[in-house]
file entry.pdb (PDB, C-alpha atoms)
ATOM      1  CA  MET H 230      -4.207  23.386  -5.127  1.00  0.00           C
ATOM      2  CA  PRO H 231      -8.003  23.309  -4.871  1.00  0.00           C
ATOM      3  CA  GLY H 232      -8.219  19.525  -4.409  1.00  0.00           C
ATOM      4  CA  MET H 233      -5.844  19.491  -1.437  1.00  0.00           C
ATOM      5  CA  SER H 234      -8.606  20.499   0.986  1.00  0.00           C
ATOM      6  CA  LYS H 235     -10.371  17.175   0.384  1.00  0.00           C
ATOM      7  CA  PRO H 236      -9.431  14.194   2.545  1.00  0.00           C
ATOM      8  CA  LEU H 237      -6.998  11.758   1.019  1.00  0.00           C
ATOM      9  CA  ALA H 238      -9.684   9.109   0.528  1.00  0.00           C
ATOM     10  CA  ALA H 239     -11.774  11.535  -1.515  1.00  0.00           C
ATOM     11  CA  ARG H 240      -8.803  12.558  -3.652  1.00  0.00           C
ATOM     12  CA  LEU H 241      -7.805   8.982  -4.383  1.00  0.00           C
ATOM     13  CA  ALA H 242     -11.326   7.619  -4.864  1.00  0.00           C
ATOM     14  CA  PRO H 243     -11.981   8.800  -8.443  1.00  0.00           C
ATOM     15  CA  LEU H 244      -8.607   7.664  -9.779  1.00  0.00           C
ATOM     16  CA  THR H 245      -8.546   4.649 -12.042  1.00  0.00           C
ATOM     17  CA  VAL H 246      -6.138   1.746 -11.797  1.00  0.00           C
ATOM     18  CA  LEU H 247      -5.766  -1.409 -13.891  1.00  0.00           C
ATOM     19  CA  ASP H 248      -6.464  -5.044 -13.118  1.00  0.00           C
ATOM     20  CA  GLU H 249      -4.518  -7.965 -14.545  1.00  0.00           C
ATOM     21  CA  GLU H 250      -6.610  -7.924 -17.727  1.00  0.00           C
ATOM     22  CA  GLY H 251      -5.841  -4.249 -18.234  1.00  0.00           C
ATOM     23  CA  ARG H 252      -9.378  -3.198 -17.339  1.00  0.00           C
ATOM     24  CA  ALA H 253      -9.809   0.115 -15.571  1.00  0.00           C
ATOM     25  CA  ALA H 254     -11.181   0.054 -12.037  1.00  0.00           C
ATOM     26  CA  VAL H 255     -12.196   3.000  -9.886  1.00  0.00           C
ATOM     27  CA  LEU H 256      -9.905   2.909  -6.885  1.00  0.00           C
ATOM     28  CA  GLY H 257     -12.457   4.271  -4.397  1.00  0.00           C
ATOM     29  CA  SER H 258     -14.893   1.437  -5.055  1.00  0.00           C
ATOM     30  CA  THR H 259     -12.710  -0.743  -2.835  1.00  0.00           C
ATOM     31  CA  TRP H 260     -13.394   1.330   0.315  1.00  0.00           C
ATOM     32  CA  GLU H 261     -16.749   2.864  -0.526  1.00  0.00           C
ATOM     33  CA  HIS H 262     -18.769   0.644   1.823  1.00  0.00           C
ATOM     34  CA  ARG H 263     -16.163  -0.704   4.252  1.00  0.00           C
ATOM     35  CA  SER H 264     -12.700   0.134   5.450  1.00  0.00           C
ATOM     36  CA  ALA H 265      -9.797  -1.107   3.388  1.00  0.00           C
ATOM     37  CA  VAL H 266      -6.094  -1.411   3.966  1.00  0.00           C
ATOM     38  CA  VAL H 267      -4.639   0.094   0.813  1.00  0.00           C
ATOM     39  CA  ALA H 268      -1.037  -1.012   0.389  1.00  0.00           C
ATOM     40  CA  PHE H 269       1.037   0.825  -2.199  1.00  0.00           C
ATOM     41  CA  VAL H 270       3.992  -1.457  -2.864  1.00  0.00           C
ATOM     42  CA  ARG H 271       7.335  -0.178  -4.124  1.00  0.00           C
ATOM     43  CA  HIS H 272       7.684  -2.623  -6.943  1.00  0.00           C
ATOM     44  CA  PHE H 273       6.811  -6.120  -8.035  1.00  0.00           C
ATOM     45  CA  GLY H 274       9.638  -8.581  -7.728  1.00  0.00           C
TER      46      GLY H 274
ATOM     47  CA  MET V 212      -2.512 -10.476   7.171  1.00  0.00           C
ATOM     48  CA  GLN V 213      -5.588 -10.956   4.984  1.00  0.00           C
ATOM     49  CA  PRO V 214      -7.450 -13.050   7.611  1.00  0.00           C
ATOM     50  CA  ALA V 215      -6.763 -10.506  10.367  1.00  0.00           C
ATOM     51  CA  ILE V 216      -8.120  -7.724   8.164  1.00  0.00           C
ATOM     52  CA  ALA V 217     -11.191  -9.729   7.221  1.00  0.00           C
ATOM     53  CA  GLU V 218     -11.863 -10.502  10.897  1.00  0.00           C
ATOM     54  CA  ARG V 219     -12.143  -6.771  11.456  1.00  0.00           C
ATOM     55  CA  GLY V 220     -14.561  -6.345   8.561  1.00  0.00           C
ATOM     56  CA  GLY V 221     -12.025  -4.770   6.241  1.00  0.00           C
ATOM     57  CA  ALA V 222     -10.553  -5.476   2.853  1.00  0.00           C
ATOM     58  CA  LEU V 223      -6.973  -5.535   1.616  1.00  0.00           C
ATOM     59  CA  VAL V 224      -6.102  -3.837  -1.650  1.00  0.00           C
ATOM     60  CA  VAL V 225      -2.582  -3.953  -3.082  1.00  0.00           C
ATOM     61  CA  LEU V 226      -1.511  -1.402  -5.659  1.00  0.00           C
ATOM     62  CA  GLY V 227       1.766  -1.563  -7.571  1.00  0.00           C
ATOM     63  CA  PRO V 228       3.683   0.842  -9.795  1.00  0.00           C
ATOM     64  CA  ALA V 229       3.807  -1.714 -12.563  1.00  0.00           C
ATOM     65  CA  ARG V 230       1.916  -2.949 -15.603  1.00  0.00           C
ATOM     66  CA  PRO V 231      -1.004  -5.420 -15.818  1.00  0.00           C
ATOM     67  CA  GLU V 232       1.226  -8.136 -17.234  1.00  0.00           C
ATOM     68  CA  HIS V 233       3.331  -8.031 -14.054  1.00  0.00           C
ATOM     69  CA  ILE V 234       0.430  -9.024 -11.785  1.00  0.00           C
ATOM     70  CA  ALA V 235       0.533 -12.759 -12.506  1.00  0.00           C
ATOM     71  CA  GLY V 236       4.205 -12.950 -11.535  1.00  0.00           C
ATOM     72  CA  PHE V 237       3.534 -11.080  -8.295  1.00  0.00           C
ATOM     73  CA  ARG V 238       0.715 -13.462  -7.404  1.00  0.00           C
ATOM     74  CA  ALA V 239       2.896 -16.470  -8.175  1.00  0.00           C
ATOM     75  CA  ALA V 240       5.787 -15.125  -6.091  1.00  0.00           C
ATOM     76  CA  THR V 241       3.722 -14.069  -3.078  1.00  0.00           C
ATOM     77  CA  GLY V 242       0.705 -16.378  -3.152  1.00  0.00           C
ATOM     78  CA  TYR V 243      -1.496 -13.316  -2.714  1.00  0.00           C
ATOM     79  CA  ASP V 244      -4.905 -13.867  -4.297  1.00  0.00           C
ATOM     80  CA  GLY V 245      -6.786 -10.778  -3.123  1.00  0.00           C
ATOM     81  CA  ALA V 246      -7.536  -7.440  -4.750  1.00  0.00           C
ATOM     82  CA  LEU V 247      -4.511  -6.328  -6.742  1.00  0.00           C
ATOM     83  CA  PHE V 248      -4.171  -3.451  -9.174  1.00  0.00           C
ATOM     84  CA  VAL V 249      -1.419  -1.556 -10.941  1.00  0.00           C
ATOM     85  CA  ASP V 250      -0.974   2.092 -11.782  1.00  0.00           C
ATOM     86  CA  PRO V 251       1.720   2.512 -14.424  1.00  0.00           C
ATOM     87  CA  SER V 252       0.954   6.251 -14.571  1.00  0.00           C
ATOM     88  CA  LEU V 253       1.891   6.547 -10.842  1.00  0.00           C
ATOM     89  CA  GLY V 254      -0.908   9.110 -10.527  1.00  0.00           C
ATOM     90  CA  SER V 255      -2.335   7.469  -7.419  1.00  0.00           C
ATOM     91  CA  PHE V 256       1.147   7.259  -5.850  1.00  0.00           C
ATOM     92  CA  ARG V 257       1.642  10.995  -6.423  1.00  0.00           C
ATOM     93  CA  GLU V 258      -1.812  11.844  -5.086  1.00  0.00           C
ATOM     94  CA  ALA V 259      -1.069   9.781  -1.971  1.00  0.00           C
ATOM     95  CA  GLY V 260       2.067  11.868  -1.428  1.00  0.00           C
ATOM     96  CA  LEU V 261       4.465   8.942  -1.676  1.00  0.00           C
ATOM     97  CA  ALA V 262       8.177   9.595  -2.055  1.00  0.00           C
ATOM     98  CA  HIS V 263       9.869   9.040  -5.395  1.00  0.00           C
ATOM     99  CA  GLY V 264      13.588   9.296  -5.967  1.00  0.00           C
ATOM    100  CA  TRP V 265      17.019   7.722  -5.704  1.00  0.00           C
ATOM    101  CA  ALA V 266      17.819   9.408  -2.374  1.00  0.00           C
ATOM    102  CA  GLU V 267      14.958   7.545  -0.666  1.00  0.00           C
ATOM    103  CA  THR V 268      15.791   4.273  -2.396  1.00  0.00           C
ATOM    104  CA  PHE V 269      19.434   4.364  -1.298  1.00  0.00           C
ATOM    105  CA  HIS V 270      18.907   6.032   2.064  1.00  0.00           C
ATOM    106  CA  PRO V 271      21.570   4.798   4.563  1.00  0.00           C
ATOM    107  CA  LEU V 272      18.919   3.008   6.640  1.00  0.00           C
ATOM    108  CA  ALA V 273      17.647   1.261   3.514  1.00  0.00           C
ATOM    109  CA  VAL V 274      21.163   0.040   2.741  1.00  0.00           C
ATOM    110  CA  VAL V 275      21.567  -1.306   6.293  1.00  0.00           C
ATOM    111  CA  LYS V 276      18.238  -3.133   6.085  1.00  0.00           C
ATOM    112  CA  GLY V 277      19.164  -4.489   2.667  1.00  0.00           C
ATOM    113  CA  VAL V 278      22.453  -5.871   3.963  1.00  0.00           C
ATOM    114  CA  ARG V 279      20.669  -7.487   6.921  1.00  0.00           C
ATOM    115  CA  ALA V 280      18.079  -9.029   4.625  1.00  0.00           C
ATOM    116  CA  PHE V 281      20.783 -10.356   2.316  1.00  0.00           C
ATOM    117  CA  ALA V 282      22.703 -11.793   5.271  1.00  0.00           C
ATOM    118  CA  SER V 283      19.570 -13.580   6.455  1.00  0.00           C
ATOM    119  CA  GLY V 284      19.156 -15.232   3.086  1.00  0.00           C
ATOM    120  CA  PHE V 285      16.671 -12.979   1.306  1.00  0.00           C
ATOM    121  CA  ARG V 286      17.320 -12.519  -2.405  1.00  0.00           C
ATOM    122  CA  GLN V 287      15.348  -9.949  -4.286  1.00  0.00           C
ATOM    123  CA  GLY V 288      14.016 -10.997  -7.689  1.00  0.00           C
ATOM    124  CA  VAL V 289      13.891  -8.943 -10.855  1.00  0.00           C
ATOM    125  CA  ARG V 290      12.132  -5.669 -10.144  1.00  0.00           C
ATOM    126  CA  GLN V 291       9.092  -4.823 -12.190  1.00  0.00           C
ATOM    127  CA  GLY V 292       7.829  -1.284 -12.138  1.00  0.00           C
ATOM    128  CA  ASP V 293       9.423   1.978 -11.105  1.00  0.00           C
ATOM    129  CA  PRO V 294      12.596   1.166  -9.119  1.00  0.00           C
ATOM    130  CA  VAL V 295      12.687   4.443  -7.193  1.00  0.00           C
ATOM    131  CA  GLN V 296       9.029   4.636  -6.230  1.00  0.00           C
ATOM    132  CA  GLN V 297       8.412   4.340  -2.475  1.00  0.00           C
ATOM    133  CA  GLY V 298       5.335   2.718  -0.999  1.00  0.00           C
ATOM    134  CA  GLY V 299       2.823   3.497   1.689  1.00  0.00           C
ATOM    135  CA  THR V 300      -0.041   2.028   3.668  1.00  0.00           C
ATOM    136  CA  PHE V 301      -3.403   3.615   4.334  1.00  0.00           C
ATOM    137  CA  VAL V 302      -6.624   2.575   5.986  1.00  0.00           C
ATOM    138  CA  LEU V 303      -9.418   4.299   4.134  1.00  0.00           C
ATOM    139  CA  GLY V 304     -13.194   4.242   4.218  1.00  0.00           C
ATOM    140  CA  PRO V 305     -15.978   3.678   4.442  1.00  0.00           C
ATOM    141  CA  GLY V 306     -16.529   6.702   2.241  1.00  0.00           C
ATOM    142  CA  ASP V 307     -14.069   9.536   2.796  1.00  0.00           C
ATOM    143  CA  ALA V 308     -12.796   8.337   6.180  1.00  0.00           C
ATOM    144  CA  VAL V 309      -9.001   8.306   6.579  1.00  0.00           C
ATOM    145  CA  ARG V 310      -8.147   6.042   9.520  1.00  0.00           C
ATOM    146  CA  PHE V 311      -4.418   5.542   9.079  1.00  0.00           C
ATOM    147  CA  GLU V 312      -1.680   7.036   6.914  1.00  0.00           C
ATOM    148  CA  TRP V 313       1.865   5.796   6.475  1.00  0.00           C
ATOM    149  CA  ARG V 314       4.343   6.852   3.820  1.00  0.00           C
ATOM    150  CA  ASP V 315       7.588   4.854   3.533  1.00  0.00           C
ATOM    151  CA  ARG V 316      10.518   7.208   4.026  1.00  0.00           C
ATOM    152  CA  HIS V 317      12.934   4.845   2.324  1.00  0.00           C
ATOM    153  CA  ALA V 318      13.189   1.266   1.117  1.00  0.00           C
ATOM    154  CA  GLY V 319      12.493  -1.191   3.928  1.00  0.00           C
ATOM    155  CA  ASP V 320      10.506   1.354   5.953  1.00  0.00           C
ATOM    156  CA  HIS V 321       7.144  -0.122   6.925  1.00  0.00           C
ATOM    157  CA  PRO V 322       4.347   0.630   9.376  1.00  0.00           C
ATOM    158  CA  ASP V 323       3.628  -1.318  12.538  1.00  0.00           C
ATOM    159  CA  LEU V 324       1.040  -3.876  11.430  1.00  0.00           C
ATOM    160  CA  HIS V 325      -0.642  -3.746  14.838  1.00  0.00           C
ATOM    161  CA  GLU V 326      -1.325  -0.060  14.280  1.00  0.00           C
ATOM    162  CA  VAL V 327      -2.744  -0.818  10.832  1.00  0.00           C
ATOM    163  CA  LEU V 328      -5.098  -3.442  12.244  1.00  0.00           C
ATOM    164  CA  ALA V 329      -6.077  -1.207  15.157  1.00  0.00           C
ATOM    165  CA  ALA V 330      -7.106   1.471  12.684  1.00  0.00           C
ATOM    166  CA  LEU V 331      -9.499  -0.994  11.085  1.00  0.00           C
ATOM    167  CA  ASP V 332     -11.243  -1.746  14.329  1.00  0.00           C
ATOM    168  CA  PRO V 333     -12.241   1.538  15.966  1.00  0.00           C
ATOM    169  CA  ARG V 334     -14.479  -0.113  18.547  1.00  0.00           C
ATOM    170  CA  PRO V 335     -13.785   1.249  22.034  1.00  0.00           C
ATOM    171  CA  PRO V 336     -12.418  -1.218  24.574  1.00  0.00           C
ATOM    172  CA  SER V 337     -15.030  -3.104  26.546  1.00  0.00           C
ATOM    173  CA  PRO V 338     -15.880  -1.494  29.889  1.00  0.00           C
ATOM    174  CA  PRO V 339     -14.542  -3.308  32.924  1.00  0.00           C
ATOM    175  CA  SER V 340     -16.926  -5.928  34.222  1.00  0.00           C
ATOM    176  CA  GLY V 341     -18.110  -6.269  37.786  1.00  0.00           C
ATOM    177  CA  PRO V 342     -19.493  -3.764  40.297  1.00  0.00           C
TER     178      PRO V 342
END
call {"tool": "encode", "arguments": {"input": "entry.pdb", "output": "structure tokens"}}
result
Amino acid sequence: MPGMSKPLAARLAPLTVLDEEGRAAVLGSTWEHRSAVVAFVRHFG
Amino acid sequence: MQPAIAERGGALVVLGPARPEHIAGFRAATGYDGALFVDPSLGSFREAGLAHGWAETFHPLAVVKGVRAFASGFRQGVRQGDPVQQGGTFVLGPGDAVRFEWRDRHAGDHPDLHEVLAALDPRPPSPPSGP
């Protein structure tokens, strides 16, 4: 896979996720300028 | 944990395998008011290499931890999202930096929070004082 040579942060950065209003947000914007703890939770509830 | 992360100049971002309409319930249940997103496509979970499947969800260690949690009074609410998706914790950035990676091997498997916080603060220890 060509993308696998990139670091994880670079692979995740362009992906879009949704906020509570359903608006798309670019995931990498959260750690572009400072470190971020990114917690993927199993489920809500 | 939010204050400890902020003290180290970092941010906390929570991402769930659910839908936007599930976010309000999560905030109400946890009191968490920070950055929170969902990815119903699970594309980010796959890209992060997180486990997905019944074997991980009902791993023997997960069952033991579940029984202990139940015995101590914890009651899980109604699950929202993908029930067999496993989680993970990463410290990323600035930019492409990857400071910490943790992928849950089964339900109830979590990283050491001290290691997570240490990854946020890469400053070397202060040199010993004195002559």
call {"tool": "atom_distance", "arguments": {"input": "entry.pdb", "atom1": "atom CA of Val225 of chain V", "atom2": "atom CA of Phe273 of chain H"}}
result
10.8 Å
call {"tool": "closest_atom_pairs", "arguments": {"input": "entry.pdb", "of": "chain H", "to": "chain V", "cutoff": "6 Å", "atoms": "all atoms listed in the file", "output": "JSON lines"}}
result
{"residue": "H:Ala238", "atom": "CA", "partner": "V:Asp307", "partner_atom": "CA", "distance": 5.0}
{"residue": "H:Ala239", "atom": "CA", "partner": "V:Asp307", "partner_atom": "CA", "distance": 5.3}
{"residue": "H:Val246", "atom": "CA", "partner": "V:Asp250", "partner_atom": "CA", "distance": 5.2}
{"residue": "H:Leu247", "atom": "CA", "partner": "V:Val249", "partner_atom": "CA", "distance": 5.3}
{"residue": "H:Asp248", "atom": "CA", "partner": "V:Phe248", "partner_atom": "CA", "distance": 4.8}
{"residue": "H:Glu249", "atom": "CA", "partner": "V:Pro231", "partner_atom": "CA", "distance": 4.5}
{"residue": "H:Gly251", "atom": "CA", "partner": "V:Pro231", "partner_atom": "CA", "distance": 5.5}
{"residue": "H:Trp260", "atom": "CA", "partner": "V:Gly304", "partner_atom": "CA", "distance": 4.9}
{"residue": "H:Glu261", "atom": "CA", "partner": "V:Gly306", "partner_atom": "CA", "distance": 4.7}
{"residue": "H:His262", "atom": "CA", "partner": "V:Pro305", "partner_atom": "CA", "distance": 4.9}
{"residue": "H:Arg263", "atom": "CA", "partner": "V:Pro305", "partner_atom": "CA", "distance": 4.4}
{"residue": "H:Ser264", "atom": "CA", "partner": "V:Gly304", "partner_atom": "CA", "distance": 4.3}
{"residue": "H:Ala265", "atom": "CA", "partner": "V:Ala222", "partner_atom": "CA", "distance": 4.5}
{"residue": "H:Val266", "atom": "CA", "partner": "V:Val302", "partner_atom": "CA", "distance": 4.5}
{"residue": "H:Val267", "atom": "CA", "partner": "V:Val224", "partner_atom": "CA", "distance": 4.9}
{"residue": "H:Ala268", "atom": "CA", "partner": "V:Thr300", "partner_atom": "CA", "distance": 4.6}
{"residue": "H:Phe269", "atom": "CA", "partner": "V:Leu226", "partner_atom": "CA", "distance": 4.8}
{"residue": "H:Val270", "atom": "CA", "partner": "V:Gly298", "partner_atom": "CA", "distance": 4.8}
{"residue": "H:Arg271", "atom": "CA", "partner": "V:Gly298", "partner_atom": "CA", "distance": 4.7}
{"residue": "H:His272", "atom": "CA", "partner": "V:Gly292", "partner_atom": "CA", "distance": 5.4}
{"residue": "H:Phe273", "atom": "CA", "partner": "V:Gln291", "partner_atom": "CA", "distance": 4.9}
{"residue": "H:Gly274", "atom": "CA", "partner": "V:Arg290", "partner_atom": "CA", "distance": 4.5}
call {"tool": "atom_distance", "arguments": {"input": "entry.pdb", "atom1": "atom CA of Pro214 of chain V", "atom2": "atom CA of Glu326 of chain V"}}
result
15.8 Å
call {"tool": "resolve_selection", "arguments": {"input": "entry.pdb", "expression": "the PyMOL selection byres ((chain H and resi 243) around 10)", "output": "number ranges by chain"}}
result
H: 238-242, 244-246, 254-258; V: 255
call {"tool": "axis_aligned_box", "arguments": {"input": "entry.pdb", "around": "segment 243-253 of chain H", "padding_each_side": "6 Å", "output": "lines of an AutoDock Vina configuration file"}}
result
center_x = -8.2
center_y = 0.4
center_z = -13.3
size_x = 19.5
size_y = 28.8
size_z = 21.8
call {"tool": "atom_distance", "arguments": {"input": "entry.pdb", "atom1": "atom CA of Ala262 of chain V", "atom2": "atom CA of Thr259 of chain H"}}
result
23.3 Å
